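**Q** Hey, dropping structure.cif in here, mmCIF, C-alpha atoms:
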```
data_final
#
loop_
_atom_site.label_atom_id
_atom_site.label_comp_id
_atom_site.auth_asym_id
_atom_site.auth_seq_id
_atom_site.Cartn_x
_atom_site.Cartn_y
_atom_site.Cartn_z
CA MET Y 1 -9.06 13.62 26.35
CA ARG Y 2 -5.58 12.07 26.61
CA ILE Y 3 -2.47 14.20 27.18
CA LEU Y 4 0.96 12.98 26.06
CA ASP Y 5 4.17 14.64 27.19
CA ASP Y 6 7.47 14.88 25.34
CA ALA Y 7 9.04 11.77 26.84
CA GLN Y 8 5.98 9.70 25.95
CA VAL Y 9 6.08 11.00 22.38
CA GLN Y 10 9.72 9.96 22.02
CA ARG Y 11 9.04 6.45 23.32
CA LEU Y 12 5.88 5.82 21.32
CA LEU Y 13 7.04 7.26 17.97
CA PRO Y 14 10.27 5.61 16.78
CA MET Y 15 11.57 6.81 13.42
CA ARG Y 16 10.99 3.46 11.70
CA ALA Y 17 7.28 3.68 12.63
CA CYS Y 18 6.89 7.35 11.72
CA MET Y 19 8.15 7.15 8.13
CA PRO Y 20 5.28 5.02 6.76
CA LEU Y 21 2.85 7.32 8.56
CA MET Y 22 4.37 10.33 6.80
CA ALA Y 23 4.22 8.55 3.44
CA SER Y 24 0.51 7.99 4.07
CA ALA Y 25 -0.02 11.66 4.92
CA LEU Y 26 1.80 12.83 1.78
CA ARG Y 27 -0.15 10.47 -0.45
CA SER Y 28 -3.41 11.70 1.09
CA LEU Y 29 -2.46 15.30 0.37
CA SER Y 30 -1.48 14.65 -3.26
CA ARG Y 31 -4.66 12.62 -3.86
CA GLY Y 32 -6.72 15.62 -2.76
CA ASP Y 33 -8.03 13.87 0.35
CA ALA Y 34 -6.75 16.52 2.77
CA GLN Y 35 -7.43 20.18 3.47
CA VAL Y 36 -4.31 21.94 4.71
CA PRO Y 37 -4.60 25.74 4.77
CA LEU Y 38 -1.40 27.72 4.73
CA ARG Y 39 -0.14 28.27 8.25
CA THR Y 40 -1.03 31.50 10.01
CA VAL Y 41 2.14 33.10 11.37
CA VAL Y 42 2.04 35.91 13.93
CA PRO Y 43 5.41 37.73 14.18
CA LEU Y 44 6.29 38.66 17.75
CA PRO Y 45 7.97 41.96 18.67
CA ARG Y 46 11.39 40.54 19.52
CA GLY Y 47 13.63 39.30 16.72
CA HIS Y 48 12.35 36.41 14.62
CA ASP Y 49 10.09 34.79 17.23
CA VAL Y 50 6.67 33.73 15.92
CA LEU Y 51 3.38 32.12 16.93
CA ALA Y 52 2.00 29.74 14.29
CA LEU Y 53 -1.36 28.02 13.79
CA MET Y 54 -1.52 24.98 11.47
CA PRO Y 55 -4.97 23.34 10.99
CA ALA Y 56 -5.78 20.34 8.81
CA HIS Y 57 -8.48 17.83 7.93
CA ALA Y 58 -8.21 14.57 6.00
CA THR Y 59 -10.70 11.93 4.95
CA THR Y 60 -8.26 9.09 4.20
CA PRO Y 61 -6.83 8.48 6.73
CA ALA Y 62 -9.37 10.35 8.86
CA ALA Y 63 -7.82 13.25 10.78
CA LEU Y 64 -8.98 16.59 12.19
CA GLY Y 65 -7.08 19.08 14.30
CA ALA Y 66 -4.35 21.68 14.48
CA LYS Y 67 -0.84 22.32 15.69
CA VAL Y 68 -0.28 25.51 17.65
CA ILE Y 69 3.36 26.37 18.25
CA THR Y 70 5.81 29.11 18.98
CA VAL Y 71 9.18 29.18 17.23
CA PHE Y 72 11.88 30.96 19.23
CA PRO Y 73 15.19 30.48 17.36
CA ASP Y 74 17.29 31.50 20.38
CA ASN Y 75 15.80 28.79 22.61
CA PRO Y 76 18.61 26.24 22.12
CA GLY Y 77 20.91 28.69 23.90
CA ARG Y 78 18.49 28.53 26.83
CA GLY Y 79 18.49 24.75 26.84
CA LEU Y 80 15.05 24.62 25.19
CA ASP Y 81 13.75 23.33 21.86
CA ALA Y 82 13.10 26.15 19.38
CA HIS Y 83 9.61 24.67 18.76
CA GLN Y 84 7.19 24.80 21.70
CA GLY Y 85 3.52 23.90 21.53
CA ALA Y 86 0.95 21.17 21.11
CA VAL Y 87 -1.02 19.20 18.56
CA LEU Y 88 -4.78 19.12 19.21
CA VAL Y 89 -6.54 16.06 17.80
CA PHE Y 90 -10.34 16.15 17.36
CA ASP Y 91 -12.82 13.40 16.56
CA PRO Y 92 -13.82 13.98 12.91
CA VAL Y 93 -17.29 12.51 13.60
CA ASP Y 94 -18.48 14.54 16.59
CA GLY Y 95 -15.75 17.16 17.07
CA ARG Y 96 -14.67 16.04 20.55
CA LEU Y 97 -11.14 16.91 21.60
CA LEU Y 98 -9.45 13.52 21.81
CA GLY Y 99 -5.88 14.43 22.59
CA LEU Y 100 -3.28 17.05 23.38
CA VAL Y 101 0.21 15.98 22.28
CA ASP Y 102 3.47 17.78 23.04
CA ALA Y 103 4.71 19.16 19.72
CA SER Y 104 8.46 19.49 20.34
CA SER Y 105 9.70 15.94 19.74
CA LEU Y 106 6.73 15.16 17.49
CA THR Y 107 7.83 17.98 15.16
CA ALA Y 108 11.45 16.84 15.22
CA ILE Y 109 10.59 13.21 14.51
CA ARG Y 110 7.96 13.73 11.82
CA THR Y 111 10.09 16.33 10.00
CA ALA Y 112 13.03 13.96 9.80
CA ALA Y 113 10.72 11.08 8.87
CA VAL Y 114 9.46 13.06 5.86
CA SER Y 115 13.07 13.72 4.85
CA GLY Y 116 13.66 9.99 5.24
CA VAL Y 117 10.79 9.24 2.85
CA ALA Y 118 12.23 11.76 0.37
CA THR Y 119 15.72 10.32 0.66
CA GLU Y 120 14.48 6.78 0.18
CA ARG Y 121 12.89 7.81 -3.13
CA LEU Y 122 15.36 10.42 -4.38
CA ALA Y 123 18.88 9.64 -3.17
CA ARG Y 124 21.16 7.23 -5.02
CA SER Y 125 20.86 3.70 -3.69
CA ASP Y 126 24.63 3.60 -3.07
CA ALA Y 127 24.68 6.82 -0.99
CA THR Y 128 26.88 6.24 2.06
CA THR Y 129 28.18 9.69 3.11
CA LEU Y 130 25.91 12.18 4.89
CA ALA Y 131 26.66 15.87 5.50
CA LEU Y 132 24.71 17.59 8.26
CA LEU Y 133 24.77 21.38 8.30
CA GLY Y 134 23.51 22.09 11.80
CA SER Y 135 23.92 20.10 15.00
CA GLY Y 136 20.73 20.60 17.00
CA VAL Y 137 17.58 18.55 17.57
CA GLN Y 138 16.83 18.19 13.86
CA ALA Y 139 20.36 16.97 13.18
CA ARG Y 140 19.84 14.10 15.62
CA THR Y 141 16.52 13.00 14.18
CA HIS Y 142 17.76 13.42 10.62
CA LEU Y 143 20.76 11.19 11.27
CA ASP Y 144 18.32 8.59 12.58
CA ALA Y 145 16.09 8.92 9.50
CA MET Y 146 18.96 8.83 7.00
CA ALA Y 147 20.39 5.73 8.68
CA GLN Y 148 17.03 4.02 8.29
CA VAL Y 149 17.00 4.35 4.49
CA ARG Y 150 20.66 4.27 3.38
CA PRO Y 151 23.72 2.24 4.49
CA LEU Y 152 25.60 5.20 5.93
CA GLU Y 153 29.32 4.80 6.53
CA ARG Y 154 30.37 8.38 7.27
CA VAL Y 155 28.73 11.50 8.71
CA CYS Y 156 30.25 14.97 8.22
CA VAL Y 157 29.02 17.66 10.61
CA TRP Y 158 29.32 21.43 10.55
CA SER Y 159 27.85 23.97 12.94
CA ARG Y 160 28.29 27.70 13.30
CA THR Y 161 29.25 26.87 16.90
CA PRO Y 162 32.09 24.30 16.74
CA ALA Y 163 31.49 23.14 20.31
CA HIS Y 164 27.94 22.17 19.37
CA ALA Y 165 29.25 20.12 16.45
CA GLU Y 166 31.65 18.28 18.76
CA THR Y 167 28.86 17.57 21.26
CA PHE Y 168 26.69 16.20 18.47
CA ALA Y 169 29.53 14.06 17.12
CA ALA Y 170 30.19 12.56 20.54
CA TRP Y 171 26.51 11.60 20.85
CA ALA Y 172 26.34 10.24 17.28
CA ARG Y 173 29.38 8.01 17.76
CA THR Y 174 27.69 6.28 20.67
CA ALA Y 175 24.25 6.08 19.02
CA PHE Y 176 25.28 4.78 15.57
CA PRO Y 177 28.06 2.47 14.30
CA ILE Y 178 29.19 5.13 11.82
CA GLU Y 179 32.31 7.26 11.40
CA VAL Y 180 31.49 10.84 12.47
CA ALA Y 181 33.75 13.81 11.71
CA THR Y 182 33.38 17.55 12.37
CA PHE Y 183 34.54 20.31 10.03
CA GLY Y 184 35.40 23.96 10.43
CA THR Y 185 33.48 25.04 7.32
CA ALA Y 186 30.26 23.95 5.66
CA ALA Y 187 32.09 23.58 2.34
CA GLU Y 188 34.48 21.02 3.84
CA ALA Y 189 31.59 19.05 5.36
CA VAL Y 190 29.68 18.92 2.07
CA ARG Y 191 32.65 17.95 -0.10
CA GLY Y 192 32.23 14.30 -1.06
CA ALA Y 193 28.76 13.92 0.49
CA ASP Y 194 26.07 11.86 -1.21
CA ILE Y 195 23.28 13.27 0.97
CA VAL Y 196 23.17 16.76 2.50
CA CYS Y 197 20.67 17.86 5.15
CA THR Y 198 20.47 21.55 6.04
CA VAL Y 199 18.97 21.73 9.53
CA THR Y 200 19.96 25.18 10.76
CA ALA Y 201 18.17 28.26 12.05
CA SER Y 202 20.07 30.43 9.57
CA ARG Y 203 18.26 33.12 7.59
CA GLU Y 204 21.06 33.34 5.00
CA PRO Y 205 22.43 30.57 2.77
CA VAL Y 206 24.71 28.03 4.44
CA LEU Y 207 24.86 25.70 1.39
CA LYS Y 208 26.22 26.76 -2.01
CA GLY Y 209 25.55 24.99 -5.27
CA SER Y 210 29.23 25.15 -6.21
CA TRP Y 211 29.94 22.68 -3.41
CA LEU Y 212 27.56 19.98 -4.67
CA ARG Y 213 28.82 17.17 -6.83
CA PRO Y 214 26.69 15.33 -9.41
CA GLY Y 215 24.33 12.77 -7.90
CA THR Y 216 23.89 14.50 -4.55
CA HIS Y 217 20.53 14.54 -2.80
CA VAL Y 218 19.70 17.53 -0.58
CA ASN Y 219 17.05 17.81 2.13
CA ALA Y 220 16.51 21.54 2.85
CA VAL Y 221 14.72 21.67 6.19
CA GLY Y 222 15.59 24.56 8.47
CA ALA Y 223 14.04 27.58 6.71
CA SER Y 224 10.24 27.74 6.46
CA GLN Y 225 9.48 31.43 6.02
CA PRO Y 226 9.59 33.69 2.95
CA ASP Y 227 12.41 35.79 4.44
CA ALA Y 228 14.79 32.99 5.42
CA ARG Y 229 16.75 30.52 3.30
CA GLU Y 230 19.55 27.99 3.73
CA LEU Y 231 20.49 27.43 0.06
CA ASP Y 232 21.95 29.88 -2.42
CA SER Y 233 20.14 30.36 -5.72
CA ARG Y 234 22.60 28.24 -7.69
CA ALA Y 235 21.99 25.21 -5.47
CA VAL Y 236 18.27 25.38 -6.21
CA ALA Y 237 18.65 26.15 -9.92
CA MET Y 238 20.96 23.21 -10.59
CA ALA Y 239 18.69 20.64 -8.90
CA ARG Y 240 15.42 18.86 -9.66
CA LEU Y 241 13.09 20.27 -7.06
CA PHE Y 242 10.58 18.35 -4.97
CA ALA Y 243 8.33 19.70 -2.20
CA ASP Y 244 5.98 18.41 0.46
CA ARG Y 245 3.40 20.74 -1.13
CA ARG Y 246 3.62 23.20 -4.02
CA GLU Y 247 1.29 25.76 -2.41
CA SER Y 248 3.49 25.95 0.68
CA LEU Y 249 6.61 26.22 -1.47
CA GLU Y 250 5.14 29.09 -3.51
CA HIS Y 251 4.09 31.10 -0.45
CA GLU Y 252 6.51 30.22 2.35
CA SER Y 253 9.92 29.28 0.96
CA ALA Y 254 12.63 31.86 0.26
CA ASP Y 255 14.80 28.95 -0.91
CA TYR Y 256 12.41 28.76 -3.87
CA LEU Y 257 11.10 32.32 -4.17
CA VAL Y 258 14.48 34.07 -4.39
CA PRO Y 259 15.87 32.12 -7.39
CA LEU Y 260 12.41 32.28 -8.97
CA ARG Y 261 12.46 36.09 -8.77
CA GLU Y 262 15.99 36.07 -10.14
CA GLY Y 263 14.75 34.19 -13.22
CA LEU Y 264 16.99 31.19 -12.55
CA LEU Y 265 14.32 28.48 -12.47
CA GLY Y 266 12.92 28.98 -15.98
CA ASP Y 267 10.03 26.65 -16.73
CA ALA Y 268 11.20 23.95 -14.32
CA THR Y 269 8.33 22.07 -12.70
CA VAL Y 270 8.07 21.12 -9.05
CA ALA Y 271 6.78 17.68 -8.06
CA GLU Y 272 5.18 16.95 -4.72
CA LEU Y 273 6.72 14.06 -2.82
CA GLY Y 274 3.23 12.56 -2.51
CA GLU Y 275 2.98 12.50 -6.31
CA VAL Y 276 6.21 10.50 -6.47
CA LEU Y 277 4.81 8.05 -3.90
CA LEU Y 278 1.61 7.69 -5.95
CA GLY Y 279 3.53 7.12 -9.19
CA LYS Y 280 2.25 10.37 -10.70
CA ALA Y 281 5.72 11.95 -10.88
CA GLU Y 282 9.21 10.59 -11.48
CA GLY Y 283 11.75 10.45 -8.70
CA ARG Y 284 15.46 10.29 -9.44
CA ARG Y 285 16.01 9.77 -13.17
CA THR Y 286 19.79 9.41 -13.46
CA PRO Y 287 22.71 8.73 -11.11
CA GLU Y 288 24.20 12.13 -11.98
CA GLU Y 289 21.30 14.50 -11.36
CA ILE Y 290 21.10 16.56 -8.19
CA THR Y 291 17.79 16.19 -6.35
CA LEU Y 292 16.46 18.66 -3.80
CA PHE Y 293 13.60 18.11 -1.37
CA LYS Y 294 12.33 21.32 0.19
CA SER Y 295 10.54 20.60 3.45
CA LEU Y 296 8.10 23.20 4.81
CA GLY Y 297 6.23 21.02 7.31
CA LEU Y 298 2.50 20.34 7.11
CA ALA Y 299 -0.18 20.00 9.76
CA ILE Y 300 -1.47 16.79 8.18
CA GLU Y 301 1.88 15.22 9.07
CA ASP Y 302 1.48 16.28 12.69
CA LEU Y 303 -2.09 15.01 12.87
CA ILE Y 304 -1.37 11.60 11.36
CA ALA Y 305 1.55 11.16 13.74
CA ALA Y 306 -0.44 12.39 16.74
CA GLY Y 307 -3.35 10.10 15.92
CA HIS Y 308 -0.99 7.13 15.83
CA LEU Y 309 0.49 8.21 19.15
CA LEU Y 310 -2.93 8.42 20.82
CA GLU Y 311 -3.89 4.97 19.55
CA ARG Y 312 -0.68 3.47 20.92
CA ALA Y 313 -1.03 5.36 24.19
CA GLU Y 314 -4.58 4.12 24.72
CA GLY Y 315 -3.55 0.54 24.03
CA GLU Y 316 -0.66 0.75 26.50
CA GLY Y 317 -2.46 2.85 29.10
CA VAL Y 318 0.01 5.71 28.67
CA GLY Y 319 -0.75 9.40 29.16
CA THR Y 320 -3.02 11.46 31.36
CA GLU Y 321 -6.77 11.36 30.85
CA VAL Y 322 -8.72 14.55 31.51
CA ALA Y 323 -12.47 15.18 31.31
CA PHE Y 324 -12.89 17.84 28.66
CA GLY Y 325 -15.91 19.15 26.79
CA GLY Y 326 -19.51 19.51 27.90
CA ALA Y 327 -22.26 16.94 27.44
CA HIS Y 328 -25.70 18.12 26.32
CA PRO Y 329 -28.59 16.41 28.16
CA SER Y 330 -30.96 14.37 26.00
CA ALA Y 331 -34.22 16.07 25.10
#
```
What does this structure look like when you write it as structure tokens?
**A**
Amino acid sequence: MRILDDAQVQRLLPMRACMPLMASALRSLSRGDAQVPLRTVVPLPRGHDVLALMPAHATTPAALGAKVITVFPDNPGRGLDAHQGAVLVFDPVDGRLLGLVDASSLTAIRTAAVSGVATERLARSDATTLALLGSGVQARTHLDAMAQVRPLERVCVWSRTPAHAETFAAWARTAFPIEVATFGTAAEAVRGADIVCTVTASREPVLKGSWLRPGTHVNAVGASQPDARELDSRAVAMARLFADRRESLEHESADYLVPLREGLLGDATVAELGEVLLGKAEGRRTPEEITLFKSLGLAIEDLIAAGHLLERAEGEGVGTEVAFGGAHPSA
């Protein structure tokens, strides 16, 4: 078994390499080649902390394993990633445990890579202004992903903690040749944006539909539980909605469930991003329509990324090898 730590994950999984992997995972899911049960979430006694188990299996590309993580929303204040855990990769032929991969940066990179795939297919081709609501780990990886797929010229940042927004902006100005500005309100940051990414830990809406102009593309990323949402009902109702998976959307997303209960979605259909990639569903239809990709995060994404990491690590001799699993003597 090979163990990869967080620094090794960051080095071996650049955004430009992760996006085609995520497209492959999404196509596999929408073809019916993957089994991805809904995540099991164990609420912990304090606040909104949870333990989550996310198993998956796929035949094309072959993958077997699970991600086991904790989500502690207050961790950034402790200098820690909110997501802590590991991805376990098994051999789909004999069940051996092949790898244990740190899940923190893997989750951040693959989540943004999926948003990058969505943006490439759904945002206007002339989109140049990005609004980021949130300034943590996901904001950094999402800026990277958005810059990979659109010729960004300006980034508008808002955070509930202004000092965090300024810290992010200082980093972004050195990492990317793009104008970066911070704003005191989310509404100001969104005004004039072509692409909006909500990457907060908020449990109440931080993005309102009244702020969105025609032609905007939104990646809604931060909320992944049925009692937390980042978008108000109007923002969802006025957009064409896409998801990484319908089943996850219908069970885990308050961004979808609340306006559905309010009767605001009517008979609107939801397309999976994998269906768009396979040509089974339309992407953006007009320059004026608002598109919304709701990201819930899927274990098949983690496994495809982790499998790629283990292959690269073996080829480069990176990681720690540990003897794991018993051998049965021949009869």
**Q** Apply the PyMOL selection byres ((chain Y and resi 64) around 9) to the displayed file and report the matching residues as a ChimeraX atom specification.
**A** /Y:55-59,62-63,65-66,88-92,95,300,303
**Q** Which residue out of Y:Thr167, Y:Arg284, Y:Ala201, Y:Arg240 has the minimum interatomic distance to Val71 of chain Y when only C-alpha atoms are used?
**A**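 Distance minimum relative to Val71 of chain Y lands on Y:Ala201.
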**Q** Step by step, work through what the PyMOL selection byres ((chain Y and resi 166) around 12) selects in the shown file, and finish by giving those residues as a short mmCIF file (atom, residue, chain, number, x, y, z; two decimals) with C-alpha atoms, keeping the file's coordinate frame.
**A**
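Heads up, here's the output in expr_31.cif:
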```
data_model
loop_
_atom_site.label_atom_id
_atom_site.label_comp_id
_atom_site.auth_asym_id
_atom_site.auth_seq_id
_atom_site.Cartn_x
_atom_site.Cartn_y
_atom_site.Cartn_z
CA GLY Y 134 23.51 22.09 11.80
CA SER Y 135 23.92 20.10 15.00
CA GLY Y 136 20.73 20.60 17.00
CA CYS Y 156 30.25 14.97 8.22
CA VAL Y 157 29.02 17.66 10.61
CA TRP Y 158 29.32 21.43 10.55
CA SER Y 159 27.85 23.97 12.94
CA ARG Y 160 28.29 27.70 13.30
CA THR Y 161 29.25 26.87 16.90
CA PRO Y 162 32.09 24.30 16.74
CA ALA Y 163 31.49 23.14 20.31
CA HIS Y 164 27.94 22.17 19.37
CA ALA Y 165 29.25 20.12 16.45
CA THR Y 167 28.86 17.57 21.26
CA PHE Y 168 26.69 16.20 18.47
CA ALA Y 169 29.53 14.06 17.12
CA ALA Y 170 30.19 12.56 20.54
CA TRP Y 171 26.51 11.60 20.85
CA ALA Y 172 26.34 10.24 17.28
CA ARG Y 173 29.38 8.01 17.76
CA VAL Y 180 31.49 10.84 12.47
CA ALA Y 181 33.75 13.81 11.71
CA THR Y 182 33.38 17.55 12.37
CA PHE Y 183 34.54 20.31 10.03
CA GLY Y 184 35.40 23.96 10.43
#
```
**Q** Grab the atom CA of Val87 of chain Y to atom CA of Gln35 of chain Y distance for me, in Å with one decimal place.
**A**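 So the answer is 16.4 Å.
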**Q** If you count all atoms listed in the file, which residues fall within 12 Å of Leu100 of chain Y, apart from same-chain ones fewer than 3 positions away, as a ChimeraX atom specification?
**A** /Y:1-6,9,65-68,85-90,96-97,103,106,302-303,306-307,309-310,313,319-322,324
**Q** Can I get the selected residues back with C-alpha atoms, as a CSV table (one decimal), in the frame of the given file?
**A**
```
chain,number,residue,atom,x,y,z
Y,1,MET,CA,-9.1,13.6,26.4
Y,2,ARG,CA,-5.6,12.1,26.6
Y,3,ILE,CA,-2.5,14.2,27.2
Y,4,LEU,CA,1.0,13.0,26.1
Y,5,ASP,CA,4.2,14.6,27.2
Y,6,ASP,CA,7.5,14.9,25.3
Y,9,VAL,CA,6.1,11.0,22.4
Y,65,GLY,CA,-7.1,19.1,14.3
Y,66,ALA,CA,-4.4,21.7,14.5
Y,67,LYS,CA,-0.8,22.3,15.7
Y,68,VAL,CA,-0.3,25.5,17.6
Y,85,GLY,CA,3.5,23.9,21.5
Y,86,ALA,CA,1.0,21.2,21.1
Y,87,VAL,CA,-1.0,19.2,18.6
Y,88,LEU,CA,-4.8,19.1,19.2
Y,89,VAL,CA,-6.5,16.1,17.8
Y,90,PHE,CA,-10.3,16.2,17.4
Y,96,ARG,CA,-14.7,16.0,20.6
Y,97,LEU,CA,-11.1,16.9,21.6
Y,103,ALA,CA,4.7,19.2,19.7
Y,106,LEU,CA,6.7,15.2,17.5
Y,302,ASP,CA,1.5,16.3,12.7
Y,303,LEU,CA,-2.1,15.0,12.9
Y,306,ALA,CA,-0.4,12.4,16.7
Y,307,GLY,CA,-3.4,10.1,15.9
Y,309,LEU,CA,0.5,8.2,19.2
Y,310,LEU,CA,-2.9,8.4,20.8
Y,313,ALA,CA,-1.0,5.4,24.2
Y,319,GLY,CA,-0.8,9.4,29.2
Y,320,THR,CA,-3.0,11.5,31.4
Y,321,GLU,CA,-6.8,11.4,30.8
Y,322,VAL,CA,-8.7,14.6,31.5
Y,324,PHE,CA,-12.9,17.8,28.7
```
**Q** For the structure provided, state which residues fall under the PyMOL selection byres ((chain Y and resi 24) around 9), and present them as a PyMOL selection string.
**A** chain Y and resi 19-23+25-29+60-61+274+301+304
**Q** Nearest residue to Ala228 of chain Y out of Y:Thr200, Y:Thr185, Y:Thr40, Y:Gln8, using only C-alpha atoms?
**A**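 Using only C-alpha atoms, the shortest distance to Ala228 of chain Y belongs to Y:Thr200.
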**Q** Applying 8 Å and only C-alpha atoms, which residues near Gly222 of chain Y remain after dropping the ones on its own chain fewer than 2 positions away? List them as number ranges by chain.
**A** Y: 198-202, 220, 224, 229-230
**Q** Dump C-alpha atoms for the selected residues as a short mmCIF file (atom, residue, chain, number, x, y, z; two decimals), in the frame of the given file?
**A**
```
data_model
loop_
_atom_site.label_atom_id
_atom_site.label_comp_id
_atom_site.auth_asym_id
_atom_site.auth_seq_id
_atom_site.Cartn_x
_atom_site.Cartn_y
_atom_site.Cartn_z
CA THR Y 198 20.47 21.55 6.04
CA VAL Y 199 18.97 21.73 9.53
CA THR Y 200 19.96 25.18 10.76
CA ALA Y 201 18.17 28.26 12.05
CA SER Y 202 20.07 30.43 9.57
CA ALA Y 220 16.51 21.54 2.85
CA SER Y 224 10.24 27.74 6.46
CA ARG Y 229 16.75 30.52 3.30
CA GLU Y 230 19.55 27.99 3.73
#
```
**Q** Skipping near chain neighbours, those fewer than 3 positions away, what residues fall within 8 Å of Gly215 of chain Y using all atoms listed in the file, listed as number ranges by chain?
**A** Y: 123-124, 194, 286-291
**Q** Would you save the residues from that selection as a PDB file, in the frame of the given file, using C-alpha atoms?
**A**
```pdb
ATOM      1  CA  ALA Y 123      18.880   9.640  -3.170  1.00  0.00           C
ATOM      2  CA  ARG Y 124      21.160   7.230  -5.020  1.00  0.00           C
ATOM      3  CA  ASP Y 194      26.070  11.860  -1.210  1.00  0.00           C
ATOM      4  CA  THR Y 286      19.790   9.410 -13.460  1.00  0.00           C
ATOM      5  CA  PRO Y 287      22.710   8.730 -11.110  1.00  0.00           C
ATOM      6  CA  GLU Y 288      24.200  12.130 -11.980  1.00  0.00           C
ATOM      7  CA  GLU Y 289      21.300  14.500 -11.360  1.00  0.00           C
ATOM      8  CA  ILE Y 290      21.100  16.560  -8.190  1.00  0.00           C
ATOM      9  CA  THR Y 291      17.790  16.190  -6.350  1.00  0.00           C
TER      10      THR Y 291
END
```
**Q** Go ahead and compute the interatomic distance for atom CA of Lys294 of chain Y and atom CA of Ala243 of chain Y, in Å to one decimal.
**A**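 For atom CA of Lys294 of chain Y relative to atom CA of Ala243 of chain Y, the distance reads 4.9 Å.
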**Q** Calculated over all atoms listed in the file, which of the candidates Y:Ala131, Y:Ile178, Y:Asp255, Y:Leu298 has the smallest distance to Trp211 of chain Y?
**A**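 Looking at the shortest contact to Trp211 of chain Y, the residue is Y:Ala131.
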